[in-house]
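As stored in model.pdb (PDB, C-alpha atoms, pLDDT in the B column):
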```pdb
ATOM      1  CA  MET A   1      -4.027  -0.465  -7.930  1.00 48.00           C
ATOM      2  CA  GLY A   2      -6.207  -3.592  -7.996  1.00 57.00           C
ATOM      3  CA  GLU A   3      -6.009  -6.405  -5.516  1.00 68.00           C
ATOM      4  CA  SER A   4      -3.476  -9.111  -6.287  1.00 73.00           C
ATOM      5  CA  ALA A   5      -4.528 -12.632  -7.223  1.00 80.00           C
ATOM      6  CA  ARG A   6      -2.614 -13.998  -4.240  1.00 79.00           C
ATOM      7  CA  ALA A   7      -4.585 -11.733  -1.876  1.00 82.00           C
ATOM      8  CA  VAL A   8      -7.847 -12.980  -3.370  1.00 85.00           C
ATOM      9  CA  GLU A   9      -6.738 -16.586  -2.931  1.00 86.00           C
ATOM     10  CA  ALA A  10      -5.546 -15.958   0.639  1.00 86.00           C
ATOM     11  CA  ARG A  11      -8.905 -14.424   1.527  1.00 90.00           C
ATOM     12  CA  ARG A  12     -10.676 -17.472   0.120  1.00 91.00           C
ATOM     13  CA  ILE A  13      -8.508 -19.806   2.215  1.00 91.00           C
ATOM     14  CA  TRP A  14      -8.910 -17.889   5.483  1.00 92.00           C
ATOM     15  CA  ASP A  15     -12.632 -17.349   5.023  1.00 94.00           C
ATOM     16  CA  ARG A  16     -12.947 -21.119   4.712  1.00 94.00           C
ATOM     17  CA  VAL A  17     -10.729 -21.810   7.745  1.00 92.00           C
ATOM     18  CA  ALA A  18     -12.257 -19.146  10.017  1.00 94.00           C
ATOM     19  CA  PRO A  19     -15.116 -21.173  11.604  1.00 94.00           C
ATOM     20  CA  SER A  20     -12.760 -23.906  12.824  1.00 95.00           C
ATOM     21  CA  TYR A  21      -9.615 -21.820  13.384  1.00 94.00           C
ATOM     22  CA  ASP A  22      -9.759 -21.468  17.181  1.00 95.00           C
ATOM     23  CA  ARG A  23     -10.581 -25.143  17.688  1.00 95.00           C
ATOM     24  CA  ARG A  24      -7.764 -26.241  15.381  1.00 93.00           C
ATOM     25  CA  MET A  25      -5.260 -23.879  17.022  1.00 95.00           C
ATOM     26  CA  ALA A  26      -6.171 -24.576  20.663  1.00 96.00           C
ATOM     27  CA  PHE A  27      -3.496 -27.225  21.250  1.00 95.00           C
ATOM     28  CA  LEU A  28      -0.739 -25.167  19.593  1.00 95.00           C
ATOM     29  CA  GLU A  29      -1.763 -21.996  21.418  1.00 96.00           C
ATOM     30  CA  ARG A  30      -1.469 -23.803  24.742  1.00 95.00           C
ATOM     31  CA  HIS A  31       1.544 -26.047  24.230  1.00 94.00           C
ATOM     32  CA  MET A  32       3.647 -24.355  21.532  1.00 96.00           C
ATOM     33  CA  PHE A  33       3.006 -20.613  21.684  1.00 97.00           C
ATOM     34  CA  GLY A  34       2.294 -20.546  25.429  1.00 95.00           C
ATOM     35  CA  ASP A  35       2.318 -17.027  26.858  1.00 97.00           C
ATOM     36  CA  GLY A  36       3.555 -15.453  23.616  1.00 97.00           C
ATOM     37  CA  ARG A  37       0.453 -13.317  23.190  1.00 97.00           C
ATOM     38  CA  VAL A  38       0.757 -12.105  26.789  1.00 98.00           C
ATOM     39  CA  TRP A  39       4.427 -11.235  26.141  1.00 97.00           C
ATOM     40  CA  LEU A  40       3.419  -9.059  23.177  1.00 97.00           C
ATOM     41  CA  ALA A  41       0.327  -7.436  24.638  1.00 97.00           C
ATOM     42  CA  ALA A  42       2.083  -6.380  27.841  1.00 97.00           C
ATOM     43  CA  ARG A  43       4.399  -4.205  25.711  1.00 98.00           C
ATOM     44  CA  ALA A  44       1.611  -2.523  23.722  1.00 98.00           C
ATOM     45  CA  ARG A  45       1.033   1.175  24.346  1.00 98.00           C
ATOM     46  CA  GLY A  46      -1.271   3.898  23.058  1.00 98.00           C
ATOM     47  CA  ARG A  47      -2.858   3.446  19.640  1.00 98.00           C
ATOM     48  CA  VAL A  48      -2.409  -0.220  18.718  1.00 98.00           C
ATOM     49  CA  LEU A  49      -2.736  -1.716  15.239  1.00 98.00           C
ATOM     50  CA  ASP A  50      -3.203  -5.503  15.327  1.00 98.00           C
ATOM     51  CA  VAL A  51      -2.219  -6.726  11.838  1.00 98.00           C
ATOM     52  CA  GLY A  52      -3.605 -10.120  10.902  1.00 97.00           C
ATOM     53  CA  VAL A  53      -5.925  -9.859  13.880  1.00 98.00           C
ATOM     54  CA  GLY A  54      -7.412 -13.263  12.986  1.00 96.00           C
ATOM     55  CA  THR A  55     -10.143 -14.213  15.438  1.00 97.00           C
ATOM     56  CA  GLY A  56      -8.925 -11.669  18.011  1.00 98.00           C
ATOM     57  CA  GLY A  57      -6.686 -13.867  20.132  1.00 97.00           C
ATOM     58  CA  ASN A  58      -4.726 -10.869  21.450  1.00 98.00           C
ATOM     59  CA  LEU A  59      -7.721  -8.824  22.593  1.00 98.00           C
ATOM     60  CA  ALA A  60      -8.042 -10.306  26.061  1.00 97.00           C
ATOM     61  CA  HIS A  61      -4.407  -9.507  26.872  1.00 98.00           C
ATOM     62  CA  TYR A  62      -4.088  -5.828  25.932  1.00 98.00           C
ATOM     63  CA  PRO A  63      -3.867  -3.233  28.715  1.00 97.00           C
ATOM     64  CA  ASP A  64      -7.145  -1.456  29.415  1.00 96.00           C
ATOM     65  CA  ASP A  65      -5.742   1.951  28.432  1.00 97.00           C
ATOM     66  CA  VAL A  66      -4.840   1.153  24.807  1.00 98.00           C
ATOM     67  CA  THR A  67      -7.069   1.688  21.787  1.00 98.00           C
ATOM     68  CA  VAL A  68      -7.116  -1.209  19.341  1.00 98.00           C
ATOM     69  CA  THR A  69      -7.501  -1.197  15.565  1.00 98.00           C
ATOM     70  CA  GLY A  70      -7.621  -4.627  13.927  1.00 98.00           C
ATOM     71  CA  LEU A  71      -6.887  -5.495  10.306  1.00 98.00           C
ATOM     72  CA  ASP A  72      -7.381  -8.780   8.501  1.00 97.00           C
ATOM     73  CA  LEU A  73      -7.724  -9.945   4.918  1.00 95.00           C
ATOM     74  CA  SER A  74     -10.643 -12.225   5.790  1.00 96.00           C
ATOM     75  CA  PRO A  75     -14.168 -10.883   6.413  1.00 96.00           C
ATOM     76  CA  ALA A  76     -15.064 -14.185   8.080  1.00 97.00           C
ATOM     77  CA  MET A  77     -12.227 -13.734  10.568  1.00 97.00           C
ATOM     78  CA  LEU A  78     -13.299 -10.152  11.253  1.00 98.00           C
ATOM     79  CA  ALA A  79     -16.828 -11.337  12.025  1.00 97.00           C
ATOM     80  CA  LEU A  80     -15.376 -13.591  14.733  1.00 97.00           C
ATOM     81  CA  VAL A  81     -13.291 -10.703  16.132  1.00 98.00           C
ATOM     82  CA  ARG A  82     -16.436  -8.594  16.456  1.00 97.00           C
ATOM     83  CA  ARG A  83     -18.086 -11.354  18.456  1.00 97.00           C
ATOM     84  CA  ARG A  84     -15.054 -11.820  20.715  1.00 97.00           C
ATOM     85  CA  ALA A  85     -14.656  -8.076  21.257  1.00 98.00           C
ATOM     86  CA  ALA A  86     -18.318  -7.805  22.244  1.00 98.00           C
ATOM     87  CA  ASP A  87     -17.956 -10.688  24.696  1.00 97.00           C
ATOM     88  CA  LEU A  88     -14.890  -9.017  26.240  1.00 97.00           C
ATOM     89  CA  GLY A  89     -16.415  -5.536  26.264  1.00 97.00           C
ATOM     90  CA  ARG A  90     -13.335  -4.366  24.343  1.00 97.00           C
ATOM     91  CA  PRO A  91     -13.947  -1.648  21.724  1.00 96.00           C
ATOM     92  CA  VAL A  92     -12.031  -2.389  18.513  1.00 98.00           C
ATOM     93  CA  ASP A  93     -12.009  -0.607  15.150  1.00 98.00           C
ATOM     94  CA  LEU A  94     -11.893  -3.312  12.456  1.00 98.00           C
ATOM     95  CA  HIS A  95     -10.736  -2.999   8.841  1.00 98.00           C
ATOM     96  CA  GLU A  96     -10.480  -5.448   5.969  1.00 97.00           C
ATOM     97  CA  GLY A  97      -7.099  -5.085   4.295  1.00 96.00           C
ATOM     98  CA  ASP A  98      -3.713  -6.413   3.277  1.00 95.00           C
ATOM     99  CA  ALA A  99      -0.661  -6.329   5.594  1.00 96.00           C
ATOM    100  CA  GLU A 100       1.500  -5.418   2.593  1.00 95.00           C
ATOM    101  CA  ARG A 101      -0.603  -2.311   1.837  1.00 95.00           C
ATOM    102  CA  LEU A 102      -1.958  -0.911   5.092  1.00 98.00           C
ATOM    103  CA  PRO A 103      -4.887   1.510   4.621  1.00 97.00           C
ATOM    104  CA  PHE A 104      -3.604   3.993   7.211  1.00 98.00           C
ATOM    105  CA  ALA A 105      -1.661   7.260   7.116  1.00 98.00           C
ATOM    106  CA  ASP A 106       1.992   7.553   8.096  1.00 98.00           C
ATOM    107  CA  GLY A 107       2.563   7.726  11.843  1.00 98.00           C
ATOM    108  CA  SER A 108      -0.965   6.647  12.783  1.00 98.00           C
ATOM    109  CA  PHE A 109      -0.027   4.206  15.577  1.00 98.00           C
ATOM    110  CA  ASP A 110       2.163   3.904  18.662  1.00 98.00           C
ATOM    111  CA  THR A 111       2.315   0.086  18.486  1.00 98.00           C
ATOM    112  CA  VAL A 112       1.947  -2.451  15.683  1.00 98.00           C
ATOM    113  CA  VAL A 113       1.321  -6.047  16.736  1.00 98.00           C
ATOM    114  CA  CYS A 114       1.473  -9.031  14.386  1.00 98.00           C
ATOM    115  CA  ALA A 115       0.944 -12.470  15.934  1.00 98.00           C
ATOM    116  CA  LEU A 116       1.059 -15.692  13.913  1.00 97.00           C
ATOM    117  CA  ALA A 117       0.481 -13.864  10.631  1.00 96.00           C
ATOM    118  CA  LEU A 118       3.804 -13.061   8.931  1.00 96.00           C
ATOM    119  CA  CYS A 119       4.266 -16.776   8.301  1.00 95.00           C
ATOM    120  CA  THR A 120       1.493 -16.524   5.669  1.00 93.00           C
ATOM    121  CA  VAL A 121       2.151 -13.043   4.243  1.00 94.00           C
ATOM    122  CA  PRO A 122       3.640 -13.484   0.738  1.00 92.00           C
ATOM    123  CA  ASP A 123       6.135 -10.618   1.195  1.00 95.00           C
ATOM    124  CA  PRO A 124       6.922 -10.217   4.905  1.00 96.00           C
ATOM    125  CA  ALA A 125       9.540  -7.537   4.201  1.00 98.00           C
ATOM    126  CA  ALA A 126       6.825  -5.386   2.596  1.00 97.00           C
ATOM    127  CA  ALA A 127       4.543  -5.930   5.601  1.00 97.00           C
ATOM    128  CA  ILE A 128       7.310  -4.925   8.018  1.00 98.00           C
ATOM    129  CA  ALA A 129       8.072  -1.818   5.935  1.00 98.00           C
ATOM    130  CA  GLU A 130       4.387  -0.901   6.069  1.00 98.00           C
ATOM    131  CA  ALA A 131       4.377  -1.379   9.845  1.00 98.00           C
ATOM    132  CA  ARG A 132       7.322   1.020  10.079  1.00 98.00           C
ATOM    133  CA  ARG A 133       5.510   3.566   7.920  1.00 98.00           C
ATOM    134  CA  VAL A 134       2.385   3.679  10.082  1.00 98.00           C
ATOM    135  CA  LEU A 135       4.332   3.837  13.361  1.00 98.00           C
ATOM    136  CA  VAL A 136       5.329   7.072  15.055  1.00 98.00           C
ATOM    137  CA  PRO A 137       9.058   7.515  15.756  1.00 98.00           C
ATOM    138  CA  GLY A 138       9.732   5.606  18.946  1.00 98.00           C
ATOM    139  CA  GLY A 139       6.781   3.310  18.265  1.00 98.00           C
ATOM    140  CA  ARG A 140       7.027  -0.447  18.814  1.00 98.00           C
ATOM    141  CA  LEU A 141       6.676  -3.390  16.449  1.00 98.00           C
ATOM    142  CA  LEU A 142       5.715  -6.551  18.363  1.00 98.00           C
ATOM    143  CA  LEU A 143       5.862  -9.927  16.618  1.00 98.00           C
ATOM    144  CA  LEU A 144       5.056 -13.527  17.527  1.00 98.00           C
ATOM    145  CA  ASP A 145       5.483 -16.338  15.025  1.00 98.00           C
ATOM    146  CA  HIS A 146       6.822 -19.791  14.321  1.00 97.00           C
ATOM    147  CA  VAL A 147      10.241 -19.511  12.689  1.00 98.00           C
ATOM    148  CA  VAL A 148      13.057 -21.692  11.417  1.00 97.00           C
ATOM    149  CA  SER A 149      14.412 -23.931  14.168  1.00 98.00           C
ATOM    150  CA  THR A 150      17.883 -23.656  15.666  1.00 95.00           C
ATOM    151  CA  TRP A 151      18.082 -27.471  15.666  1.00 96.00           C
ATOM    152  CA  PRO A 152      19.038 -28.937  12.251  1.00 97.00           C
ATOM    153  CA  PRO A 153      16.755 -32.024  12.387  1.00 97.00           C
ATOM    154  CA  ILE A 154      13.698 -29.857  13.066  1.00 97.00           C
ATOM    155  CA  HIS A 155      14.832 -27.373  10.425  1.00 97.00           C
ATOM    156  CA  ALA A 156      14.951 -30.224   7.913  1.00 98.00           C
ATOM    157  CA  PHE A 157      11.460 -31.351   8.891  1.00 97.00           C
ATOM    158  CA  GLN A 158      10.168 -27.779   8.546  1.00 98.00           C
ATOM    159  CA  TRP A 159      11.647 -27.557   5.045  1.00 98.00           C
ATOM    160  CA  VAL A 160       9.872 -30.771   4.000  1.00 98.00           C
ATOM    161  CA  PHE A 161       6.621 -29.704   5.676  1.00 97.00           C
ATOM    162  CA  GLU A 162       6.647 -26.460   3.694  1.00 97.00           C
ATOM    163  CA  ARG A 163       6.427 -28.429   0.442  1.00 97.00           C
ATOM    164  CA  PHE A 164       2.816 -29.076   1.479  1.00 96.00           C
ATOM    165  CA  THR A 165       1.836 -26.032   3.556  1.00 95.00           C
ATOM    166  CA  ILE A 166       2.968 -23.342   1.121  1.00 94.00           C
ATOM    167  CA  PRO A 167       0.866 -24.605  -1.809  1.00 92.00           C
ATOM    168  CA  ALA A 168      -2.091 -25.394   0.468  1.00 90.00           C
ATOM    169  CA  ALA A 169      -2.254 -22.272   2.613  1.00 88.00           C
ATOM    170  CA  GLY A 170       0.772 -20.090   1.867  1.00 91.00           C
ATOM    171  CA  GLU A 171       2.240 -20.991   5.264  1.00 94.00           C
ATOM    172  CA  HIS A 172       6.018 -20.873   5.724  1.00 96.00           C
ATOM    173  CA  PHE A 173       8.050 -22.595   8.447  1.00 97.00           C
ATOM    174  CA  THR A 174      11.651 -21.689   7.551  1.00 97.00           C
ATOM    175  CA  ARG A 175      11.377 -17.904   7.768  1.00 97.00           C
ATOM    176  CA  ARG A 176      12.800 -15.693  10.495  1.00 97.00           C
ATOM    177  CA  GLN A 177      11.607 -12.122  10.924  1.00 97.00           C
ATOM    178  CA  VAL A 178      14.478 -10.598  12.948  1.00 98.00           C
ATOM    179  CA  PRO A 179      16.776  -9.985   9.926  1.00 98.00           C
ATOM    180  CA  LEU A 180      13.873  -8.346   8.058  1.00 98.00           C
ATOM    181  CA  VAL A 181      13.052  -6.156  11.060  1.00 98.00           C
ATOM    182  CA  ARG A 182      16.661  -4.965  11.297  1.00 98.00           C
ATOM    183  CA  ALA A 183      16.842  -4.386   7.529  1.00 98.00           C
ATOM    184  CA  ALA A 184      13.717  -2.195   7.769  1.00 98.00           C
ATOM    185  CA  GLY A 185      15.564   0.128  10.156  1.00 97.00           C
ATOM    186  CA  PHE A 186      14.150  -1.006  13.487  1.00 98.00           C
ATOM    187  CA  THR A 187      16.186  -1.340  16.666  1.00 98.00           C
ATOM    188  CA  ILE A 188      15.668  -4.685  18.393  1.00 98.00           C
ATOM    189  CA  ALA A 189      14.789  -4.096  22.050  1.00 98.00           C
ATOM    190  CA  ALA A 190      14.135  -7.717  23.054  1.00 98.00           C
ATOM    191  CA  THR A 191      13.668 -11.169  21.566  1.00 98.00           C
ATOM    192  CA  ARG A 192      12.702 -14.529  22.990  1.00 97.00           C
ATOM    193  CA  ARG A 193      13.004 -17.923  21.258  1.00 97.00           C
ATOM    194  CA  THR A 194      11.461 -21.130  22.626  1.00 96.00           C
ATOM    195  CA  ARG A 195      10.604 -24.663  21.488  1.00 96.00           C
ATOM    196  CA  ALA A 196      14.000 -25.451  19.919  1.00 96.00           C
ATOM    197  CA  GLY A 197      13.989 -21.985  18.402  1.00 97.00           C
ATOM    198  CA  THR A 198      10.767 -22.565  16.463  1.00 97.00           C
ATOM    199  CA  VAL A 199       8.803 -19.823  18.256  1.00 98.00           C
ATOM    200  CA  GLU A 200      10.073 -16.256  18.465  1.00 98.00           C
ATOM    201  CA  CYS A 201       8.786 -13.063  20.049  1.00 98.00           C
ATOM    202  CA  VAL A 202      10.255  -9.736  18.920  1.00 98.00           C
ATOM    203  CA  ASP A 203      10.034  -6.265  20.446  1.00 98.00           C
ATOM    204  CA  ALA A 204      11.495  -3.639  18.095  1.00 98.00           C
ATOM    205  CA  ILE A 205      11.566   0.172  18.132  1.00 98.00           C
ATOM    206  CA  ARG A 206      11.146   2.479  15.145  1.00 98.00           C
ATOM    207  CA  PRO A 207      13.871   5.139  15.487  1.00 95.00           C
ATOM    208  CA  ALA A 208      13.351   8.754  14.519  1.00 89.00           C
ATOM    209  CA  ASP A 209      14.055   9.519  10.867  1.00 80.00           C
ATOM    210  CA  PRO A 210      17.455  11.127  10.147  1.00 74.00           C
ATOM    211  CA  GLY A 211      17.333  14.873  10.567  1.00 66.00           C
ATOM    212  CA  THR A 212      14.252  14.832  12.824  1.00 59.00           C
ATOM    213  CA  GLY A 213      13.709  14.983  16.563  1.00 50.00           C
TER     214      GLY A 213
END
```
I need this file expressed as structure tokens, please.
Amino acid sequence: MGESARAVEARRIWDRVAPSYDRRMAFLERHMFGDGRVWLAARARGRVLDVGVGTGGNLAHYPDDVTVTGLDLSPAMLALVRRRAADLGRPVDLHEGDAERLPFADGSFDTVVCALALCTVPDPAAAIAEARRVLVPGGRLLLLDHVVSTWPPIHAFQWVFERFTIPAAGEHFTRRQVPLVRAAGFTIAATRRTRAGTVECVDAIRPADPGTG
């Protein structure tokens, strides 16, 4: 099956953004997302797949004993991950690919991490289903993202803001991943919402398939 037009457009956008991404995100990483990446990485175990690895912002926080595979749609982003991984002395196996169609066999990973990426995936339910497919039974799905606020005035602002961010970069602000994670058959182990509910971390477990184990 050929690549979708929306994937081609998303790659074009993120290749263009890549050189300035870390500089543009520095304030938000510090003051909005805080220790969210640390929260995720501390829960990672075994063979880790980092979906939407971006510029490699999670790499510094993973435990030393995990192996990391990174996937991103943007070659320009992956080039920056390679540089960061080299600086950190962290081996990482990098792949260009789409979160909605992961190029890995069933049960390939013990942990799937997705930080600040599902907000731009066109079909987040498909990406979560793919994460479930590549996880072993008992494996963990770890998410960090900005989500719809629990405070109505901010929710209203997010809805208006999306009128501009979705056409420009495919970025959504009124999504929430927890219902999609539950619908995909995961068990929620822990969640944390901060910043008037606009930032959420999720730790979810892939149960064994019926009739197995």
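Compared by their closest atoms to A:Leu135, and using all atoms listed in the file, the residues A:Ala18, A:Val112, A:Val199, A:Ala156 rank with A:Val112 nearest.
The residues returned by the PyMOL selection byres ((chain A and resi 119) around 10) on the shown structure are A:Ala115, A:Leu116, A:Ala117, A:Leu118, A:Thr120, A:Val121, A:Pro122, A:Asp123, A:Pro124, A:Leu144, A:Asp145, A:His146, A:Val147, A:Ile166, A:Gly170, A:Glu171, A:His172, A:Phe173, A:Thr174, A:Arg175, A:Arg176, A:Gln177.
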Hey, can you spit out that residue selection with C-alpha atoms as an mmCIF file, keeping the file's coordinate frame?
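Once everything was written out, this is part_30.cif:
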```cif
data_model
loop_
_atom_site.group_PDB
_atom_site.id
_atom_site.type_symbol
_atom_site.label_atom_id
_atom_site.label_comp_id
_atom_site.auth_asym_id
_atom_site.auth_seq_id
_atom_site.Cartn_x
_atom_site.Cartn_y
_atom_site.Cartn_z
ATOM 1 C CA ALA A 115 0.944 -12.470 15.934
ATOM 2 C CA LEU A 116 1.059 -15.692 13.913
ATOM 3 C CA ALA A 117 0.481 -13.864 10.631
ATOM 4 C CA LEU A 118 3.804 -13.061 8.931
ATOM 5 C CA THR A 120 1.493 -16.524 5.669
ATOM 6 C CA VAL A 121 2.151 -13.043 4.243
ATOM 7 C CA PRO A 122 3.640 -13.484 0.738
ATOM 8 C CA ASP A 123 6.135 -10.618 1.195
ATOM 9 C CA PRO A 124 6.922 -10.217 4.905
ATOM 10 C CA LEU A 144 5.056 -13.527 17.527
ATOM 11 C CA ASP A 145 5.483 -16.338 15.025
ATOM 12 C CA HIS A 146 6.822 -19.791 14.321
ATOM 13 C CA VAL A 147 10.241 -19.511 12.689
ATOM 14 C CA ILE A 166 2.968 -23.342 1.121
ATOM 15 C CA GLY A 170 0.772 -20.090 1.867
ATOM 16 C CA GLU A 171 2.240 -20.991 5.264
ATOM 17 C CA HIS A 172 6.018 -20.873 5.724
ATOM 18 C CA PHE A 173 8.050 -22.595 8.447
ATOM 19 C CA THR A 174 11.651 -21.689 7.551
ATOM 20 C CA ARG A 175 11.377 -17.904 7.768
ATOM 21 C CA ARG A 176 12.800 -15.693 10.495
ATOM 22 C CA GLN A 177 11.607 -12.122 10.924
#
```
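Running the PyMOL selection byres ((chain A and resi 196) around 7) on this file leaves A:Ser149, A:Thr150, A:Trp151, A:Thr194, A:Arg195, A:Gly197, A:Thr198 selected.
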* Who sits within 8 Å of A:Asp106, only C-alpha atoms, same chain under 5 positions skipped, as an NGL selection string -> :A and (133-136)
Would you write out, as a PDB file with C-alpha atoms, keeping the file's coordinate frame, every residue that the PyMOL selection byres ((chain A and resi 78) around 9) captures in this file?
```pdb
ATOM      1  CA  VAL A  53      -5.925  -9.859  13.880  1.00 98.00           C
ATOM      2  CA  GLY A  54      -7.412 -13.263  12.986  1.00 96.00           C
ATOM      3  CA  THR A  55     -10.143 -14.213  15.438  1.00 97.00           C
ATOM      4  CA  GLY A  56      -8.925 -11.669  18.011  1.00 98.00           C
ATOM      5  CA  GLY A  70      -7.621  -4.627  13.927  1.00 98.00           C
ATOM      6  CA  LEU A  71      -6.887  -5.495  10.306  1.00 98.00           C
ATOM      7  CA  ASP A  72      -7.381  -8.780   8.501  1.00 97.00           C
ATOM      8  CA  LEU A  73      -7.724  -9.945   4.918  1.00 95.00           C
ATOM      9  CA  SER A  74     -10.643 -12.225   5.790  1.00 96.00           C
ATOM     10  CA  PRO A  75     -14.168 -10.883   6.413  1.00 96.00           C
ATOM     11  CA  ALA A  76     -15.064 -14.185   8.080  1.00 97.00           C
ATOM     12  CA  MET A  77     -12.227 -13.734  10.568  1.00 97.00           C
ATOM     13  CA  ALA A  79     -16.828 -11.337  12.025  1.00 97.00           C
ATOM     14  CA  LEU A  80     -15.376 -13.591  14.733  1.00 97.00           C
ATOM     15  CA  VAL A  81     -13.291 -10.703  16.132  1.00 98.00           C
ATOM     16  CA  ARG A  82     -16.436  -8.594  16.456  1.00 97.00           C
ATOM     17  CA  ARG A  83     -18.086 -11.354  18.456  1.00 97.00           C
ATOM     18  CA  LEU A  94     -11.893  -3.312  12.456  1.00 98.00           C
ATOM     19  CA  HIS A  95     -10.736  -2.999   8.841  1.00 98.00           C
ATOM     20  CA  GLU A  96     -10.480  -5.448   5.969  1.00 97.00           C
TER      21      GLU A  96
END
```
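Going from atom CA of A:Arg23 to atom CA of A:Gly57 covers 12.2 Å.
Residues in contact with stretch 126-129 of chain A at up to 7 Å, not including ones fewer than 4 positions away on its chain and judged by all atoms listed in the file, are Ala99, Glu100, Arg133, Val181 and Ala184 of chain A.
Reported to one decimal place, the separation of atom CA of A:Arg6 from atom CA of A:Ala131 is 20.2 Å.
Considering the residues A:Ala190, A:Met32, A:Ala7, A:Leu49 and counting all atoms listed in the file, A:Ser108 has its shortest atom-to-atom contact with A:Leu49.
Minimum distance to A:Ala42 across A:Val178, A:Leu142, A:Ala169, A:Ile13 (counting only C-alpha atoms) occurs at A:Leu142.
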Where atoms are lacking, stretch 202-208 of chain A completed to all heavy atoms, as a short mmCIF file (atom, residue, chain, number, x, y, z; two decimals), in the coordinates of the input:
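Once everything was written out, this is selection.cif:
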```
data_model
loop_
_atom_site.label_atom_id
_atom_site.label_comp_id
_atom_site.auth_asym_id
_atom_site.auth_seq_id
_atom_site.Cartn_x
_atom_site.Cartn_y
_atom_site.Cartn_z
N VAL A 202 9.36 -10.85 19.24
CA VAL A 202 10.26 -9.74 18.92
C VAL A 202 9.62 -8.44 19.39
O VAL A 202 8.44 -8.19 19.14
CB VAL A 202 10.52 -9.64 17.40
CG1 VAL A 202 11.45 -8.47 17.08
CG2 VAL A 202 11.10 -10.95 16.87
N ASP A 203 10.41 -7.62 20.05
CA ASP A 203 10.03 -6.26 20.45
C ASP A 203 11.05 -5.33 19.80
O ASP A 203 12.24 -5.38 20.13
CB ASP A 203 10.07 -6.14 21.97
CG ASP A 203 9.74 -4.75 22.49
OD1 ASP A 203 9.54 -3.83 21.66
OD2 ASP A 203 9.71 -4.57 23.72
N ALA A 204 10.60 -4.51 18.84
CA ALA A 204 11.50 -3.64 18.10
C ALA A 204 10.98 -2.20 18.10
O ALA A 204 9.77 -1.97 18.15
CB ALA A 204 11.64 -4.13 16.66
N ILE A 205 11.90 -1.25 18.04
CA ILE A 205 11.57 0.17 18.13
C ILE A 205 11.87 0.85 16.79
O ILE A 205 12.92 0.62 16.19
CB ILE A 205 12.35 0.85 19.26
CG1 ILE A 205 12.03 0.20 20.60
CG2 ILE A 205 12.06 2.35 19.31
CD1 ILE A 205 12.93 0.64 21.72
N ARG A 206 10.93 1.69 16.34
CA ARG A 206 11.15 2.48 15.14
C ARG A 206 11.88 3.76 15.53
O ARG A 206 11.32 4.62 16.21
CB ARG A 206 9.81 2.85 14.51
CG ARG A 206 9.95 3.67 13.23
CD ARG A 206 8.71 4.53 13.01
NE ARG A 206 8.67 5.16 11.71
CZ ARG A 206 9.32 6.26 11.36
NH1 ARG A 206 10.13 6.85 12.24
NH2 ARG A 206 9.21 6.77 10.14
N PRO A 207 13.13 3.92 15.13
CA PRO A 207 13.87 5.14 15.49
C PRO A 207 13.31 6.35 14.75
O PRO A 207 12.56 6.23 13.78
CB PRO A 207 15.29 4.84 15.02
CG PRO A 207 15.34 3.37 14.73
CD PRO A 207 13.95 2.97 14.37
N ALA A 208 13.69 7.53 15.23
CA ALA A 208 13.35 8.75 14.52
C ALA A 208 14.05 8.77 13.17
O ALA A 208 15.15 8.21 13.01
CB ALA A 208 13.76 9.97 15.34
#
```
